[in-house]
Amino acid sequence: KASVTLKNVPTLDSLVVDNPALQGNIWWPGVAIAEQSATLLQQQKQQQLLARLTALSSILRQKDNASLAATVDSVRAQLAELKIIGRQLVPLDPDVIRLHPELDRRLSGEYQLYIAAEPRSVRLFGALASYGKRDFSPGKDVSDYLTGLQHLEGAERDTAWLINPQGEVQSVPIAYWNRRHNEMTPGSLLFLGFAASALPDDFKDINEQIISLLTHRMPD
């Protein structure tokens with residue numbers, strides 16, 4: 001991935017149209033812009049979430065639920081490996097901004113621009129025995145990426161969360177009874193979270209906290 005530090009860029013439009021770093025064949029879903037103070041904030045949230053998952057694991061082990069604690073430990077380890085940035089969830093494709101000038105916005109301060117090449121993979125994440133990158137297959141249903149994979153103790157059975165390279169989140173039904181056809185795009189992440197019934201009351205919001213952090217990951 002390439003990264004460029006930007007200063008004194010007045011608007012999104014001027015950034016994507018006039019920036020020499022964004023000339024040529026750019027994969028726009030893999031372009032992310034981050035503000036330095038926002039990056040520090042999101043990285044702080046990452047550390048807070050890791051600490052919270054450590055506490056959850058400890059509570060579960062005290063209750064003799066070692067298998068669910070192991071799931072928590074696995075998810076925590078995956079989160080610890082992520083590169084988190086203070087991503088600004090704004091459109092960066094110049095064609096989109098030209099067609100919808102209302103999406104343009106003023107910029108101030110210092111930003112970091114991250115530019116990724118288009119991957120040929122997607123990422124499986126969460127309460128799975130086998131996680132990580134998988135080859136992208138055009139037309140393949142989201143649930144088919146999970147076929148044959150062991151769901152860990154306490155995993156959600158009915159719904160997963162699809163996060164595309166732009167950081168947009170979609171709830172995706174994956175059970176036989178509620179399944180609808182949904183496809184992943186290259187660079188997307190599929191998060192299988194915890195079933196609400198498996199979590200203590202003080203941790204019912206842990207999936208939402210994880211999803212929020214995942215929207216700020218650096219694109220693959």
# chains A, B, ... in the order shown; residues from 1 in each chain; ligands from 1
$ select_by_dssp --residues "region 64-219 of chain A" --states "helix (DSSP H, G or I)" --output "PyMOL selection string"
chain A and resi 66-80+94-99+101-103+142-146+196-198+201-203+206-214
$ write_last_selection --atoms "C-alpha atoms" --output "compact mmCIF listing (two decimals), in the first residue's frame"
# COMPACT_ATOMS: atom_id res chain seq x y z
CA ALA A 66 -13.44 -22.12 28.65
CA SER A 67 -14.72 -22.89 25.14
CA LEU A 68 -16.50 -19.54 24.80
CA ALA A 69 -13.50 -17.80 26.34
CA ALA A 70 -11.35 -19.38 23.63
CA THR A 71 -13.66 -17.86 20.99
CA VAL A 72 -13.25 -14.46 22.61
CA ASP A 73 -9.48 -14.92 22.65
CA SER A 74 -9.48 -15.79 18.94
CA VAL A 75 -11.52 -12.73 17.98
CA ARG A 76 -9.30 -10.56 20.16
CA ALA A 77 -6.18 -11.86 18.44
CA GLN A 78 -7.67 -11.07 15.02
CA LEU A 79 -8.56 -7.53 16.11
CA ALA A 80 -5.08 -6.97 17.51
CA PRO A 94 -14.02 11.55 -8.69
CA ASP A 95 -16.84 10.35 -10.94
CA VAL A 96 -19.14 10.06 -7.92
CA ILE A 97 -18.21 13.52 -6.65
CA ARG A 98 -18.72 15.06 -10.09
CA LEU A 99 -22.15 13.45 -10.43
CA PRO A 101 -21.41 17.68 -6.00
CA GLU A 102 -23.36 17.78 -2.74
CA LEU A 103 -21.02 15.01 -1.53
CA VAL A 142 -21.80 -14.72 1.01
CA SER A 143 -22.98 -17.79 2.90
CA ASP A 144 -21.06 -20.07 0.54
CA TYR A 145 -17.79 -18.60 1.80
CA LEU A 146 -18.76 -20.00 5.21
CA ALA A 196 -26.43 -12.32 21.90
CA SER A 197 -27.51 -15.29 24.01
CA ALA A 198 -23.86 -16.24 24.58
CA ASP A 201 -25.46 -8.61 29.99
CA ASP A 202 -22.58 -6.15 30.32
CA PHE A 203 -21.18 -7.27 26.95
CA ILE A 206 -19.61 -6.10 21.84
CA ASN A 207 -20.54 -6.95 18.22
CA GLU A 208 -21.46 -3.33 17.52
CA GLN A 209 -18.19 -2.15 19.02
CA ILE A 210 -16.23 -4.60 16.85
CA ILE A 211 -18.14 -3.58 13.70
CA SER A 212 -17.48 0.11 14.37
CA LEU A 213 -13.77 -0.60 14.60
CA LEU A 214 -13.79 -2.75 11.46
$ select_by_dssp --residues "chain A" --states "strand (DSSP E or B)" --output "ChimeraX atom specification"
/A:2-7,11,31-35,84,87,106,110-115,121-126,128,132-135,141,151,155,159-163,169-173,183,189-192,194,217
$ write_last_selection --atoms "C-alpha atoms" --output "PDB file, in the first residue's frame"
ATOM      1  CA  ALA A   2       1.130   3.510  -0.749  1.00  0.00           C
ATOM      2  CA  SER A   3       0.457   6.417   1.583  1.00  0.00           C
ATOM      3  CA  VAL A   4       0.679  10.154   1.034  1.00  0.00           C
ATOM      4  CA  THR A   5       0.534  12.959   3.593  1.00  0.00           C
ATOM      5  CA  LEU A   6      -1.737  15.818   2.537  1.00  0.00           C
ATOM      6  CA  LYS A   7      -1.758  19.386   3.810  1.00  0.00           C
ATOM      7  CA  THR A  11     -11.904  20.086  -0.725  1.00  0.00           C
ATOM      8  CA  VAL A  31      -8.468   4.540  -1.424  1.00  0.00           C
ATOM      9  CA  ALA A  32      -8.927   5.766   2.137  1.00  0.00           C
ATOM     10  CA  ILE A  33      -8.384   9.165   3.706  1.00  0.00           C
ATOM     11  CA  ALA A  34      -7.621   9.497   7.408  1.00  0.00           C
ATOM     12  CA  GLU A  35      -7.159  12.449   9.731  1.00  0.00           C
ATOM     13  CA  ILE A  84      -6.730   0.870  12.284  1.00  0.00           C
ATOM     14  CA  ARG A  87     -10.848   6.815   8.270  1.00  0.00           C
ATOM     15  CA  ARG A 106     -14.180  21.078   2.795  1.00  0.00           C
ATOM     16  CA  GLU A 110      -3.378  17.179   7.837  1.00  0.00           C
ATOM     17  CA  TYR A 111      -4.610  13.966   6.265  1.00  0.00           C
ATOM     18  CA  GLN A 112      -3.066  10.672   5.284  1.00  0.00           C
ATOM     19  CA  LEU A 113      -4.136   9.118   1.996  1.00  0.00           C
ATOM     20  CA  TYR A 114      -3.852   5.326   1.662  1.00  0.00           C
ATOM     21  CA  ILE A 115      -3.913   3.723  -1.776  1.00  0.00           C
ATOM     22  CA  SER A 121      -9.400 -11.866  -2.088  1.00  0.00           C
ATOM     23  CA  VAL A 122     -11.969 -11.332   0.644  1.00  0.00           C
ATOM     24  CA  ARG A 123     -11.444 -11.700   4.381  1.00  0.00           C
ATOM     25  CA  LEU A 124     -13.340 -13.929   6.824  1.00  0.00           C
ATOM     26  CA  PHE A 125     -13.241 -12.625  10.385  1.00  0.00           C
ATOM     27  CA  GLY A 126     -14.644 -13.447  13.783  1.00  0.00           C
ATOM     28  CA  LEU A 128     -14.588 -19.039  12.985  1.00  0.00           C
ATOM     29  CA  GLY A 132      -8.364 -14.891   7.095  1.00  0.00           C
ATOM     30  CA  LYS A 133      -8.159 -14.244   3.376  1.00  0.00           C
ATOM     31  CA  ARG A 134     -10.014 -16.338   0.797  1.00  0.00           C
ATOM     32  CA  ASP A 135      -9.967 -16.120  -2.981  1.00  0.00           C
ATOM     33  CA  ASP A 141     -23.034 -16.074  -2.309  1.00  0.00           C
ATOM     34  CA  HIS A 151     -18.307 -21.930  13.830  1.00  0.00           C
ATOM     35  CA  ALA A 155     -20.961 -17.777  17.295  1.00  0.00           C
ATOM     36  CA  THR A 159     -26.607 -13.284  10.598  1.00  0.00           C
ATOM     37  CA  ALA A 160     -23.165 -12.057   9.588  1.00  0.00           C
ATOM     38  CA  TRP A 161     -21.969  -8.533   8.840  1.00  0.00           C
ATOM     39  CA  LEU A 162     -20.480  -7.604   5.500  1.00  0.00           C
ATOM     40  CA  ILE A 163     -18.128  -4.615   5.447  1.00  0.00           C
ATOM     41  CA  VAL A 169     -21.816  -2.211   6.691  1.00  0.00           C
ATOM     42  CA  GLN A 170     -24.578  -4.598   5.666  1.00  0.00           C
ATOM     43  CA  SER A 171     -26.320  -7.217   7.803  1.00  0.00           C
ATOM     44  CA  VAL A 172     -26.430 -10.479   5.846  1.00  0.00           C
ATOM     45  CA  PRO A 173     -28.692 -13.458   6.684  1.00  0.00           C
ATOM     46  CA  GLU A 183     -22.291 -11.211  -2.900  1.00  0.00           C
ATOM     47  CA  LEU A 189     -14.648  -8.433   5.084  1.00  0.00           C
ATOM     48  CA  LEU A 190     -17.276 -10.844   6.433  1.00  0.00           C
ATOM     49  CA  PHE A 191     -17.610 -10.717  10.217  1.00  0.00           C
ATOM     50  CA  LEU A 192     -19.247 -13.556  12.126  1.00  0.00           C
ATOM     51  CA  PHE A 194     -21.150 -13.500  18.897  1.00  0.00           C
ATOM     52  CA  ARG A 217      -9.506  -0.758   9.184  1.00  0.00           C
TER      53      ARG A 217
END
$ atom_distance --atom1 "CA of Thr185 (chain A)" --atom2 "CA of Asn164 (chain A)"
7.0 Å
$ closest_residue --among "A:Arg105, A:Tyr176, A:Pro165, A:Ala116" --to "Ala21 (chain A)" --atoms "only C-alpha atoms"
A:Ala116
$ closest_residue --among "A:Gln23, A:Asn8, A:Gln44, A:Ser57" --to "Pro200 (chain A)" --atoms "only C-alpha atoms"
A:Ser57
$ residues_around --residues "Ala117 (chain A)" --least-positions-apart "2" --cutoff "8 Å" --atoms "only C-alpha atoms" --output "list in words"
Lys1, Ile26, Trp27, Gly30, Ile115 and Pro119 of chain A
$ atom_distance --atom1 "CA of Leu89 (chain A)" --atom2 "CA of Ile174 (chain A)"
26.6 Å
$ closest_residue --among "A:Tyr131, A:Leu107, A:Gln46, A:Gly139" --to "Leu82 (chain A)" --atoms "only C-alpha atoms"
A:Gln46
$ closest_residue --among "A:His216, A:Leu92, A:Lys140, A:Ala127" --to "Asn19 (chain A)" --atoms "only C-alpha atoms"
A:Leu92
